[in-house]
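As provided, my_file22.pdb (PDB, C-alpha atoms) reads as follows.
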ATOM      1  CA  MET A   1     294.360-116.535 -47.276
ATOM      2  CA  ASN A   2     297.705-115.045 -48.316
ATOM      3  CA  ALA A   3     299.071-111.542 -47.769
ATOM      4  CA  LEU A   4     297.912-110.390 -51.211
ATOM      5  CA  THR A   5     294.268-111.262 -50.596
ATOM      6  CA  SER A   6     293.986-110.637 -46.858
ATOM      7  CA  PRO A   7     291.700-107.741 -45.912
ATOM      8  CA  PRO A   8     293.348-104.482 -44.822
ATOM      9  CA  ALA A   9     293.809-103.897 -41.118
ATOM     10  CA  PRO A  10     291.031-101.830 -39.531
ATOM     11  CA  PRO A  11     291.899 -98.162 -39.132
ATOM     12  CA  ILE A  12     293.347 -96.977 -35.847
ATOM     13  CA  ASP A  13     291.011 -94.654 -33.970
ATOM     14  CA  ILE A  14     292.587 -91.308 -33.076
ATOM     15  CA  TRP A  15     290.507 -89.411 -30.503
ATOM     16  CA  LEU A  16     291.518 -85.771 -30.000
ATOM     17  CA  LEU A  17     290.076 -84.298 -26.801
ATOM     18  CA  VAL A  18     289.492 -80.531 -26.689
ATOM     19  CA  PHE A  19     288.080 -78.074 -24.169
ATOM     20  CA  PRO A  20     286.771 -74.504 -24.441
ATOM     21  CA  GLN A  21     289.701 -72.152 -25.134
ATOM     22  CA  PHE A  22     291.985 -75.005 -26.235
ATOM     23  CA  LEU A  23     295.046 -74.175 -28.348
ATOM     24  CA  LEU A  24     294.026 -74.774 -31.948
ATOM     25  CA  LEU A  25     297.323 -76.261 -33.149
ATOM     26  CA  ASP A  26     297.355 -78.705 -30.221
ATOM     27  CA  ALA A  27     294.464 -80.496 -31.920
ATOM     28  CA  THR A  28     294.793 -79.616 -35.610
ATOM     29  CA  GLY A  29     298.558 -80.202 -35.767
ATOM     30  CA  PRO A  30     298.408 -83.892 -34.782
ATOM     31  CA  ALA A  31     295.165 -84.299 -36.752
ATOM     32  CA  GLN A  32     296.932 -83.102 -39.898
ATOM     33  CA  VAL A  33     299.823 -85.530 -39.377
ATOM     34  CA  PHE A  34     297.413 -88.479 -39.241
ATOM     35  CA  SER A  35     295.375 -87.045 -42.123
ATOM     36  CA  THR A  36     298.525 -86.712 -44.234
ATOM     37  CA  ALA A  37     299.346 -90.356 -43.437
ATOM     38  CA  ASN A  38     295.892 -91.209 -44.811
ATOM     39  CA  ASP A  39     296.594 -89.144 -47.957
ATOM     40  CA  GLU A  40     299.930 -90.896 -48.454
ATOM     41  CA  ALA A  41     298.225 -94.281 -48.109
ATOM     42  CA  ARG A  42     295.516 -93.385 -50.639
ATOM     43  CA  ASP A  43     298.159 -92.194 -53.117
ATOM     44  CA  ALA A  44     299.852 -95.570 -52.748
ATOM     45  CA  GLY A  45     296.589 -97.446 -53.319
ATOM     46  CA  LEU A  46     296.305 -98.477 -49.666
ATOM     47  CA  ALA A  47     293.464 -98.162 -47.194
ATOM     48  CA  PRO A  48     293.691 -95.090 -44.910
ATOM     49  CA  PRO A  49     295.292 -96.254 -41.646
ATOM     50  CA  TYR A  50     293.596 -93.722 -39.334
ATOM     51  CA  ARG A  51     290.103 -92.669 -38.338
ATOM     52  CA  ILE A  52     290.241 -89.221 -36.715
ATOM     53  CA  ARG A  53     287.647 -87.781 -34.347
ATOM     54  CA  ILE A  54     287.402 -84.624 -32.246
ATOM     55  CA  LEU A  55     285.857 -85.084 -28.780
ATOM     56  CA  ALA A  56     284.557 -82.646 -26.187
ATOM     57  CA  ALA A  57     282.211 -82.758 -23.204
ATOM     58  CA  GLY A  58     278.732 -82.276 -24.632
ATOM     59  CA  GLY A  59     279.965 -82.228 -28.225
ATOM     60  CA  GLY A  60     279.101 -79.454 -30.675
ATOM     61  CA  ALA A  61     281.172 -76.423 -31.653
ATOM     62  CA  VAL A  62     284.105 -75.841 -29.292
ATOM     63  CA  ARG A  63     285.790 -72.454 -29.500
ATOM     64  CA  SER A  64     289.582 -72.369 -29.386
ATOM     65  CA  SER A  65     291.668 -69.585 -27.855
ATOM     66  CA  SER A  66     292.213 -68.206 -31.367
ATOM     67  CA  GLY A  67     288.468 -67.841 -31.920
ATOM     68  CA  VAL A  68     288.261 -70.704 -34.430
ATOM     69  CA  SER A  69     285.810 -73.444 -33.447
ATOM     70  CA  LEU A  70     285.969 -77.178 -34.106
ATOM     71  CA  LEU A  71     282.899 -79.389 -34.332
ATOM     72  CA  ALA A  72     283.297 -82.150 -31.757
ATOM     73  CA  GLU A  73     281.519 -85.383 -30.923
ATOM     74  CA  PRO A  74     280.336 -85.909 -27.343
ATOM     75  CA  LEU A  75     282.478 -88.044 -25.051
ATOM     76  CA  PRO A  76     281.781 -91.680 -25.972
ATOM     77  CA  ARG A  77     280.447 -94.095 -23.413
ATOM     78  CA  ARG A  78     282.052 -97.078 -25.071
ATOM     79  CA  SER A  79     285.564 -98.226 -24.205
ATOM     80  CA  LEU A  80     288.482 -96.682 -26.049
ATOM     81  CA  ALA A  81     290.337-100.010 -26.081
ATOM     82  CA  GLY A  82     292.601-100.113 -29.123
ATOM     83  CA  ALA A  83     292.343 -96.366 -29.662
ATOM     84  CA  THR A  84     294.840 -93.533 -29.275
ATOM     85  CA  LEU A  85     293.638 -90.659 -27.099
ATOM     86  CA  ILE A  86     295.348 -87.260 -27.433
ATOM     87  CA  VAL A  87     294.534 -84.433 -25.017
ATOM     88  CA  SER A  88     295.052 -80.865 -26.204
ATOM     89  CA  GLY A  89     296.220 -78.019 -23.992
ATOM     90  CA  GLY A  90     295.492 -74.376 -23.384
ATOM     91  CA  ARG A  91     296.030 -71.785 -20.674
ATOM     92  CA  VAL A  92     296.434 -73.762 -17.463
ATOM     93  CA  ALA A  93     293.683 -71.732 -15.782
ATOM     94  CA  ASP A  94     291.238 -72.730 -18.559
ATOM     95  CA  LEU A  95     291.885 -76.481 -18.340
ATOM     96  CA  PRO A  96     289.519 -78.880 -16.525
ATOM     97  CA  SER A  97     290.285 -79.268 -12.839
ATOM     98  CA  GLY A  98     288.716 -80.865  -9.810
ATOM     99  CA  ASP A  99     287.504 -77.473  -8.563
ATOM    100  CA  THR A 100     284.187 -77.636 -10.439
ATOM    101  CA  PRO A 101     281.567 -80.385 -10.944
ATOM    102  CA  ALA A 102     282.033 -80.146 -14.726
ATOM    103  CA  GLY A 103     285.791 -80.455 -14.360
ATOM    104  CA  ARG A 104     285.507 -83.433 -12.026
ATOM    105  CA  SER A 105     283.159 -85.131 -14.484
ATOM    106  CA  GLN A 106     285.559 -84.603 -17.400
ATOM    107  CA  LEU A 107     288.564 -85.801 -15.389
ATOM    108  CA  GLY A 108     286.637 -88.867 -14.279
ATOM    109  CA  TRP A 109     285.810 -89.717 -17.893
ATOM    110  CA  LEU A 110     289.438 -89.125 -18.881
ATOM    111  CA  ALA A 111     290.734 -91.357 -16.088
ATOM    112  CA  ARG A 112     288.588 -94.231 -17.371
ATOM    113  CA  ALA A 113     289.204 -93.555 -21.052
ATOM    114  CA  GLY A 114     292.955 -93.067 -20.627
ATOM    115  CA  ALA A 115     293.284 -96.285 -18.663
ATOM    116  CA  ALA A 116     291.454 -98.203 -21.404
ATOM    117  CA  ALA A 117     293.104 -96.609 -24.449
ATOM    118  CA  SER A 118     296.042 -98.329 -26.099
ATOM    119  CA  ARG A 119     297.957 -95.027 -26.081
ATOM    120  CA  CYS A 120     297.169 -91.955 -24.014
ATOM    121  CA  CYS A 121     298.920 -88.734 -25.028
ATOM    122  CA  SER A 122     298.968 -85.009 -24.372
ATOM    123  CA  VAL A 123     300.101 -81.941 -26.263
ATOM    124  CA  CYS A 124     301.614 -78.950 -24.469
ATOM    125  CA  THR A 125     299.699 -78.218 -21.226
ATOM    126  CA  GLY A 126     297.418 -81.178 -21.865
ATOM    127  CA  SER A 127     299.844 -82.901 -19.505
ATOM    128  CA  PHE A 128     298.176 -80.992 -16.648
ATOM    129  CA  VAL A 129     294.874 -82.626 -17.570
ATOM    130  CA  LEU A 130     296.390 -86.112 -17.674
ATOM    131  CA  ALA A 131     298.066 -85.471 -14.322
ATOM    132  CA  ARG A 132     294.843 -84.132 -12.767
ATOM    133  CA  ALA A 133     293.080 -87.281 -13.941
ATOM    134  CA  GLY A 134     295.665 -89.347 -12.052
ATOM    135  CA  LEU A 135     297.123 -90.909 -15.194
ATOM    136  CA  LEU A 136     300.718 -89.743 -14.807
ATOM    137  CA  GLU A 137     301.401 -90.753 -11.210
ATOM    138  CA  GLY A 138     305.127 -91.447 -10.794
ATOM    139  CA  ARG A 139     305.805 -91.083 -14.518
ATOM    140  CA  ARG A 140     308.152 -89.010 -16.639
ATOM    141  CA  ALA A 141     306.447 -86.201 -18.520
ATOM    142  CA  VAL A 142     307.023 -82.972 -20.396
ATOM    143  CA  THR A 143     305.009 -79.820 -20.994
ATOM    144  CA  HIS A 144     305.478 -76.351 -22.455
ATOM    145  CA  TRP A 145     308.688 -74.809 -21.143
ATOM    146  CA  ALA A 146     306.836 -71.848 -19.611
ATOM    147  CA  ASP A 147     304.674 -74.174 -17.505
ATOM    148  CA  VAL A 148     307.312 -76.625 -16.260
ATOM    149  CA  ALA A 149     307.560 -74.980 -12.833
ATOM    150  CA  ALA A 150     303.782 -74.889 -12.446
ATOM    151  CA  LEU A 151     303.440 -78.582 -13.340
ATOM    152  CA  ARG A 152     306.193 -79.519 -10.902
ATOM    153  CA  ALA A 153     304.537 -77.508  -8.154
ATOM    154  CA  GLU A 154     301.080 -78.947  -8.828
ATOM    155  CA  HIS A 155     302.299 -82.543  -9.233
ATOM    156  CA  PRO A 156     305.639 -82.963  -7.416
ATOM    157  CA  GLN A 157     305.478 -86.746  -7.820
ATOM    158  CA  LEU A 158     306.080 -86.430 -11.584
ATOM    159  CA  GLU A 159     309.520 -86.431 -13.173
ATOM    160  CA  ILE A 160     309.375 -83.431 -15.513
ATOM    161  CA  LEU A 161     311.889 -83.191 -18.365
ATOM    162  CA  ASP A 162     312.185 -79.551 -19.332
ATOM    163  CA  ASP A 163     313.804 -79.778 -22.774
ATOM    164  CA  ALA A 164     312.394 -82.874 -24.492
ATOM    165  CA  LEU A 165     310.096 -82.663 -27.511
ATOM    166  CA  HIS A 166     308.086 -85.626 -26.326
ATOM    167  CA  VAL A 167     308.456 -88.348 -23.723
ATOM    168  CA  ARG A 168     307.183 -91.915 -23.616
ATOM    169  CA  ASP A 169     306.508 -93.685 -20.329
ATOM    170  CA  GLY A 170     304.716 -96.947 -21.006
ATOM    171  CA  LYS A 171     301.589 -96.251 -23.030
ATOM    172  CA  PHE A 172     301.573 -92.615 -21.917
ATOM    173  CA  ARG A 173     303.142 -89.956 -24.132
ATOM    174  CA  THR A 174     303.459 -86.260 -23.359
ATOM    175  CA  SER A 175     304.800 -83.559 -25.652
ATOM    176  CA  ALA A 176     306.172 -80.065 -25.248
ATOM    177  CA  GLY A 177     304.927 -76.723 -26.491
ATOM    178  CA  ILE A 178     302.231 -76.711 -29.157
ATOM    179  CA  SER A 179     303.977 -77.775 -32.404
ATOM    180  CA  ALA A 180     305.749 -80.599 -30.552
ATOM    181  CA  GLY A 181     302.401 -82.363 -30.799
ATOM    182  CA  MET A 182     303.198 -82.927 -34.468
ATOM    183  CA  ASP A 183     306.517 -84.520 -33.532
ATOM    184  CA  LEU A 184     304.623 -86.784 -31.159
ATOM    185  CA  ALA A 185     302.095 -87.665 -33.854
ATOM    186  CA  LEU A 186     304.916 -88.461 -36.290
ATOM    187  CA  SER A 187     306.451 -90.815 -33.744
ATOM    188  CA  LEU A 188     303.102 -92.616 -33.476
ATOM    189  CA  VAL A 189     302.880 -92.897 -37.272
ATOM    190  CA  GLU A 190     306.383 -94.375 -37.318
ATOM    191  CA  GLU A 191     305.370 -96.838 -34.610
ATOM    192  CA  ASP A 192     302.249 -97.863 -36.544
ATOM    193  CA  LEU A 193     303.414 -97.774 -40.156
ATOM    194  CA  GLY A 194     307.216 -97.868 -40.094
ATOM    195  CA  ARG A 195     309.968 -95.327 -40.556
ATOM    196  CA  GLU A 196     309.725 -95.021 -44.331
ATOM    197  CA  ARG A 197     306.050 -94.070 -44.331
ATOM    198  CA  ALA A 198     306.553 -91.701 -41.396
ATOM    199  CA  LEU A 199     309.355 -89.990 -43.332
ATOM    200  CA  ASP A 200     307.031 -89.616 -46.312
ATOM    201  CA  VAL A 201     304.534 -87.838 -44.069
ATOM    202  CA  ALA A 202     307.231 -85.611 -42.591
ATOM    203  CA  LYS A 203     308.583 -84.713 -46.015
ATOM    204  CA  ARG A 204     305.141 -83.763 -47.292
ATOM    205  CA  MET A 205     304.603 -81.580 -44.223
ATOM    206  CA  VAL A 206     308.206 -80.210 -44.282
ATOM    207  CA  LEU A 207     308.530 -81.016 -40.599
ATOM    208  CA  PHE A 208     312.059 -82.450 -40.554
ATOM    209  CA  LEU A 209     313.415 -79.452 -42.425
ATOM    210  CA  LYS A 210     311.954 -76.876 -40.061
ATOM    211  CA  ARG A 211     311.840 -78.534 -36.670
ATOM    212  CA  PRO A 212     314.555 -77.633 -34.129
ATOM    213  CA  GLY A 213     315.686 -80.004 -31.425
ATOM    214  CA  GLY A 214     314.342 -79.748 -27.932
ATOM    215  CA  GLN A 215     312.466 -76.728 -26.647
ATOM    216  CA  ARG A 216     315.283 -74.540 -27.878
ATOM    217  CA  GLN A 217     312.962 -71.559 -28.379
ATOM    218  CA  PHE A 218     313.537 -71.224 -24.607
ATOM    219  CA  SER A 219     317.271 -71.136 -25.122
ATOM    220  CA  ALA A 220     319.963 -69.453 -23.118
ATOM    221  CA  GLU A 221     320.746 -67.406 -26.229
ATOM    222  CA  LEU A 222     317.208 -66.052 -26.423
ATOM    223  CA  LEU A 223     317.194 -65.418 -22.686
ATOM    224  CA  ALA A 224     320.291 -63.297 -23.165
ATOM    225  CA  GLN A 225     318.767 -61.477 -26.129
ATOM    226  CA  SER A 226     315.596 -60.685 -24.183
ATOM    227  CA  ARG A 227     317.688 -58.906 -21.518
ATOM    228  CA  PRO A 228     320.645 -57.531 -23.515
ATOM    229  CA  LEU A 229     321.823 -55.392 -20.585
ATOM    230  CA  GLY A 230     321.043 -57.943 -17.885
ATOM    231  CA  VAL A 231     323.196 -60.367 -15.972
ATOM    232  CA  SER A 232     321.978 -63.325 -18.079
ATOM    233  CA  ALA A 233     323.389 -61.707 -21.240
ATOM    234  CA  GLN A 234     326.624 -60.776 -19.473
ATOM    235  CA  LEU A 235     327.133 -64.250 -18.033
ATOM    236  CA  THR A 236     326.162 -65.980 -21.303
ATOM    237  CA  ALA A 237     328.729 -63.919 -23.215
ATOM    238  CA  TRP A 238     331.407 -64.781 -20.649
ATOM    239  CA  LEU A 239     330.567 -68.492 -20.505
ATOM    240  CA  ARG A 240     330.239 -69.208 -24.208
ATOM    241  CA  PRO A 241     334.008 -69.244 -25.010
ATOM    242  CA  ARG A 242     334.705 -71.128 -21.755
ATOM    243  CA  LEU A 243     332.336 -74.105 -22.118
ATOM    244  CA  ARG A 244     335.243 -76.562 -22.288
ATOM    245  CA  GLN A 245     336.705 -75.279 -19.031
ATOM    246  CA  GLN A 246     335.828 -76.236 -15.460
ATOM    247  CA  VAL A 247     334.010 -73.114 -14.241
ATOM    248  CA  ASP A 248     332.567 -72.666 -10.753
ATOM    249  CA  THR A 249     329.946 -70.245  -9.467
ATOM    250  CA  GLY A 250     332.564 -68.065  -7.797
ATOM    251  CA  GLN A 251     334.285 -67.448 -11.118
ATOM    252  CA  MET A 252     330.951 -66.662 -12.767
ATOM    253  CA  ALA A 253     330.081 -64.179 -10.041
ATOM    254  CA  ALA A 254     333.472 -62.483 -10.309
ATOM    255  CA  ALA A 255     333.064 -62.180 -14.090
ATOM    256  CA  CYS A 256     329.808 -60.285 -13.493
ATOM    257  CA  ALA A 257     331.307 -58.186 -10.646
ATOM    258  CA  LEU A 258     328.752 -59.640  -8.237
ATOM    259  CA  SER A 259     328.772 -61.736  -5.107
ATOM    260  CA  VAL A 260     327.713 -65.355  -5.514
ATOM    261  CA  ARG A 261     324.499 -64.613  -3.642
ATOM    262  CA  SER A 262     323.691 -61.593  -5.838
ATOM    263  CA  LEU A 263     324.391 -63.576  -9.005
ATOM    264  CA  HIS A 264     321.980 -66.303  -7.926
ATOM    265  CA  ARG A 265     319.299 -63.759  -7.039
ATOM    266  CA  LYS A 266     319.583 -61.673 -10.226
ATOM    267  CA  LEU A 267     319.724 -64.692 -12.529
ATOM    268  CA  ARG A 268     316.706 -66.218 -10.808
ATOM    269  CA  GLN A 269     314.802 -62.968 -11.286
ATOM    270  CA  GLU A 270     315.721 -62.630 -14.962
ATOM    271  CA  ALA A 271     315.684 -66.200 -16.224
ATOM    272  CA  GLY A 272     314.449 -68.513 -13.476
ATOM    273  CA  LEU A 273     317.805 -70.321 -13.566
ATOM    274  CA  THR A 274     320.790 -70.837 -11.323
ATOM    275  CA  PRO A 275     324.272 -70.139 -12.737
ATOM    276  CA  ALA A 276     324.934 -73.880 -12.940
ATOM    277  CA  GLU A 277     321.666 -74.418 -14.821
ATOM    278  CA  LEU A 278     322.554 -71.673 -17.305
ATOM    279  CA  LEU A 279     325.940 -73.304 -17.920
ATOM    280  CA  ALA A 280     324.289 -76.708 -18.406
ATOM    281  CA  ARG A 281     321.772 -75.218 -20.843
ATOM    282  CA  LEU A 282     324.521 -73.531 -22.859
ATOM    283  CA  ARG A 283     326.491 -76.772 -23.088
ATOM    284  CA  MET A 284     323.411 -78.710 -24.150
ATOM    285  CA  GLU A 285     322.489 -76.186 -26.836
ATOM    286  CA  THR A 286     326.057 -76.149 -28.119
ATOM    287  CA  ALA A 287     326.100 -79.950 -28.289
ATOM    288  CA  CYS A 288     322.817 -79.923 -30.228
ATOM    289  CA  ILE A 289     324.139 -77.368 -32.713
ATOM    290  CA  LEU A 290     327.332 -79.370 -33.197
ATOM    291  CA  LEU A 291     325.444 -82.640 -33.732
ATOM    292  CA  GLU A 292     323.337 -80.967 -36.410
ATOM    293  CA  GLN A 293     326.486 -80.311 -38.455
ATOM    294  CA  ARG A 294     327.351 -82.713 -41.242
ATOM    295  CA  GLY A 295     330.320 -84.948 -40.420
ATOM    296  CA  MET A 296     330.330 -84.207 -36.687
ATOM    297  CA  THR A 297     331.020 -87.162 -34.385
ATOM    298  CA  VAL A 298     329.466 -87.629 -30.961
ATOM    299  CA  LYS A 299     332.934 -87.718 -29.407
ATOM    300  CA  ARG A 300     333.955 -84.367 -30.923
ATOM    301  CA  ALA A 301     330.619 -82.811 -29.996
ATOM    302  CA  ALA A 302     331.109 -83.940 -26.396
ATOM    303  CA  GLN A 303     334.579 -82.454 -26.236
ATOM    304  CA  GLN A 304     333.751 -79.152 -27.935
ATOM    305  CA  SER A 305     330.613 -78.519 -25.868
ATOM    306  CA  GLY A 306     332.329 -79.096 -22.550
ATOM    307  CA  TYR A 307     331.046 -82.558 -21.630
ATOM    308  CA  GLY A 308     334.474 -84.095 -22.049
ATOM    309  CA  SER A 309     333.362 -87.621 -22.923
ATOM    310  CA  GLU A 310     330.699 -89.453 -24.907
ATOM    311  CA  TYR A 311     329.492 -91.036 -21.644
ATOM    312  CA  ASN A 312     328.808 -87.636 -20.063
ATOM    313  CA  LEU A 313     327.056 -86.411 -23.196
ATOM    314  CA  ARG A 314     324.866 -89.534 -23.354
ATOM    315  CA  ARG A 315     323.853 -89.076 -19.706
ATOM    316  CA  ALA A 316     322.980 -85.417 -20.285
ATOM    317  CA  PHE A 317     320.968 -86.123 -23.440
ATOM    318  CA  THR A 318     319.054 -88.967 -21.811
ATOM    319  CA  ALA A 319     318.224 -86.844 -18.772
ATOM    320  CA  ARG A 320     317.282 -83.634 -20.590
ATOM    321  CA  LEU A 321     316.023 -84.710 -24.019
ATOM    322  CA  GLY A 322     315.031 -88.325 -23.483
ATOM    323  CA  VAL A 323     317.100 -89.495 -26.477
ATOM    324  CA  LEU A 324     320.686 -90.547 -27.149
ATOM    325  CA  PRO A 325     323.035 -88.121 -28.953
ATOM    326  CA  SER A 326     323.232 -90.575 -31.874
ATOM    327  CA  GLU A 327     319.416 -90.620 -32.129
ATOM    328  CA  TYR A 328     319.288 -86.833 -32.078
ATOM    329  CA  GLN A 329     321.973 -86.662 -34.747
ATOM    330  CA  ALA A 330     320.198 -89.204 -36.973
ATOM    331  CA  ARG A 331     317.115 -87.042 -36.971
ATOM    332  CA  PHE A 332     318.482 -83.514 -37.194
ATOM    333  CA  ALA A 333     321.874 -83.715 -38.892
TER     334      ALA A 333
END
What is this file in structure tokens?
Amino acid sequence: MNALTSPPAPPIDIWLLVFPQFLLLDATGPAQVFSTANDEARDAGLAPPYRIRILAAGGGAVRSSSGVSLLAEPLPRRSLAGATLIVSGGRVADLPSGDTPAGRSQLGWLARAGAAASRCCSVCTGSFVLARAGLLEGRRAVTHWADVAALRAEHPQLEILDDALHVRDGKFRTSAGISAGMDLALSLVEEDLGRERALDVAKRMVLFLKRPGGQRQFSAELLAQSRPLGVSAQLTAWLRPRLRQQVDTGQMAAACALSVRSLHRKLRQEAGLTPAELLARLRMETACILLEQRGMTVKRAAQQSGYGSEYNLRRAFTARLGVLPSEYQARFA
């Protein structure tokens, strides 16, 4: 049997796990990416590559935090071997935990299902659920920027990246706040169907045109804007023209007319950052903006953002975003 007459590959099962008060876009965003891949395939005369299901304990209508309900199937007893499991998020306090019998039952099912699935993923705070099920032990992960500290405190054995859109560690994938679940889903489509078909999906959904890099909605610039009269705004304004210089905490404190100790305390209170972390965030954001410009080289971006060398910029991007500067540039330039 040749390629022209061979039967199409069976569809890939996508299981989206939701809980009461889940974030609607955590489930419907990825679902739409896979559904659009099916639409693109049908338009090309091909068999739909995905079979999409919504799951929940007990099945039935599950109400999201927005008040919109999804109709879910009960948790399957059969193995999820060969399937992709995606866990949605919500308010951390509303997510399943080991504190209740129902939560322990759901986490037990997830531990078994996640271990059997070909790919096990989370969107936003769904990473808490994967971690509580014991599936992320010793792994790299990401979650919504506002919940990074809480995830680190609850699971100190995890390596949390605080500015990546999504992170892969073996068969486990975690993604950042809410709409980053669509970026994760697109990466899975690219893995399954190839870059060209993934780009077709992204173009139809206008995702590449609108998506920023990293969790930049939690940027140093927005931190400064949220406290226009605070020390974070004052220090950001002073640092921005000095990113290419070697600046120490003493100089930063003097620029704000504060002692080093007072600067640390006030910045922690306002932004949850140290002065060094604010400087690192500003340099990273500046590098991202530069790399998004047409004709910019990685070397020039490294120099103009204060990293000095391509090597330093690569190390920073790998640590904070989980990608190389050249990969970031290929996607967002």
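Atom CA of Pro30 of chain A is found 8.2 Å from atom CA of Asp183 of chain A.
The shortest atom-to-atom distance to Ser118 of chain A, with all atoms listed in the file taken into account, belongs to A:Leu188 out of A:Ala255, A:Leu188, A:Leu165, A:Ala301.
What separates atom CA of Met182 of chain A from atom CA of Gly29 of chain A is a distance of 5.5 Å.
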query = Between A:Ala31, A:Ala47, A:Val231, A:Leu278, which has the minimum distance to Ala9 of chain A (counting only C-alpha atoms)?
reply = A:Ala47
ask   = atom CA of Val167 of chain A and atom CA of Arg294 of chain A, how far apart in Å?
value = 26.4 Å
inquiry  = Quick one: residues within 7 Å of Val123 of chain A, all atoms listed in the file, excluding same-chain residues fewer than 5 positions away - as a ChimeraX atom specification?
reply    = /A:26,87-89,174-176,178,181
Neighbours of Arg197 of chain A within 8 Å (all atoms listed in the file; same-chain residues fewer than 6 positions away dropped), as a short mmCIF file (atom, residue, chain, number, x, y, z; two decimals) with C-alpha atoms, keeping the file's coordinate frame?
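Now in result_12.cif:
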data_model
loop_
_atom_site.label_atom_id
_atom_site.label_comp_id
_atom_site.auth_asym_id
_atom_site.auth_seq_id
_atom_site.Cartn_x
_atom_site.Cartn_y
_atom_site.Cartn_z
CA ALA A 37 299.35 -90.36 -43.44
CA VAL A 189 302.88 -92.90 -37.27
CA GLU A 190 306.38 -94.38 -37.32
#
request  = For Ile12 of chain A, list every protein, DNA or RNA residue within 9 Å, evaluated using only C-alpha atoms, and leave out those in the same chain fewer than 4 positions away; present the list as a list in words.
outcome  = Pro49, Tyr50, Arg51, Ile52, Gly82, Ala83, Thr84 and Asp192 of chain A
ask   = Which of these, A:Leu290, A:Leu161, A:Ala146, A:Ala202, has the shortest distance to Val323 of chain A once you count all atoms listed in the file?
value = A:Leu161
request  = For the file shown, report as a ChimeraX atom specification the outcome of the PyMOL selection byres ((chain A and resi 94) around 9) at residue level.
outcome  = /A:19-22,90-93,95-97
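Considering the residues A:Gly177, A:Thr143, A:Val18, A:Asp39 and counting all atoms listed in the file, Arg63 of chain A has its shortest atom-to-atom contact with A:Val18.
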task = Check which residues satisfy the PyMOL selection byres ((chain A and resi 247-249) around 10) in the file shown, then give them as number ranges by chain.
result = A: 239, 242-246, 250-255, 259-261, 263-264, 274-276, 279
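If you count only C-alpha atoms and ignore residues fewer than 5 places along the chain from Gln106 of chain A, what sits within 12 Å of it is Leu17, Val18, Phe19, Leu55, Ala56, Ala57, Gly58, Pro74, Leu75, Pro76, Val87, Leu95, Pro96, Ser97, Gly98, Asp99, Thr100, Pro101, Ala111, Arg112, Ala113, Gly114, Val129, Leu130, Arg132 and Ala133 of chain A.
Of the residues under consideration (A:Ala153, A:Leu23, A:Ala302, A:Ala44), A:Leu23 shows the shortest atom-to-atom contact distance to Val68 of chain A when counting only C-alpha atoms.
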message = So, with all atoms listed in the file as the atoms that count, which of A:Asn38, A:Ser127, A:Ser305, A:Val142 lies closest to Asp162 of chain A?
response = A:Val142
ask   = What lies within 9 Å of Ser326 of chain A using only C-alpha atoms, ignoring chain neighbours under 4 positions off, as a ChimeraX atom specification?
value = /A:291,297-298,314,330-331
Check what the PyMOL selection byres ((chain A and resi 157) around 10) selects in the file above and give those residues as a compact mmCIF listing (two decimals) with C-alpha atoms, keeping the file's coordinate frame.
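part_18.txt, written as the output of this step:
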# COMPACT_ATOMS: atom_id res chain seq x y z
CA ALA A 131 298.07 -85.47 -14.32
CA LEU A 136 300.72 -89.74 -14.81
CA GLU A 137 301.40 -90.75 -11.21
CA GLY A 138 305.13 -91.45 -10.79
CA ARG A 139 305.80 -91.08 -14.52
CA ARG A 140 308.15 -89.01 -16.64
CA ARG A 152 306.19 -79.52 -10.90
CA ALA A 153 304.54 -77.51 -8.15
CA GLU A 154 301.08 -78.95 -8.83
CA HIS A 155 302.30 -82.54 -9.23
CA PRO A 156 305.64 -82.96 -7.42
CA LEU A 158 306.08 -86.43 -11.58
CA GLU A 159 309.52 -86.43 -13.17
CA ILE A 160 309.38 -83.43 -15.51
Listed atoms of segment 141-145 of chain A, axis-aligned box, 4 Å per side: centre and edge lengths to one decimal in Å, as JSON?
{"center_x": 306.8, "center_y": -80.5, "center_z": -20.5, "size_x": 11.7, "size_y": 19.4, "size_z": 11.9}
request  = Neighbourhood query: residues within 12 Å of (305.8, -85.2, -49.3), file coordinates, counting all atoms listed in the file; return as number ranges by chain.
outcome  = A: 33, 36-37, 39-41, 43, 196-209
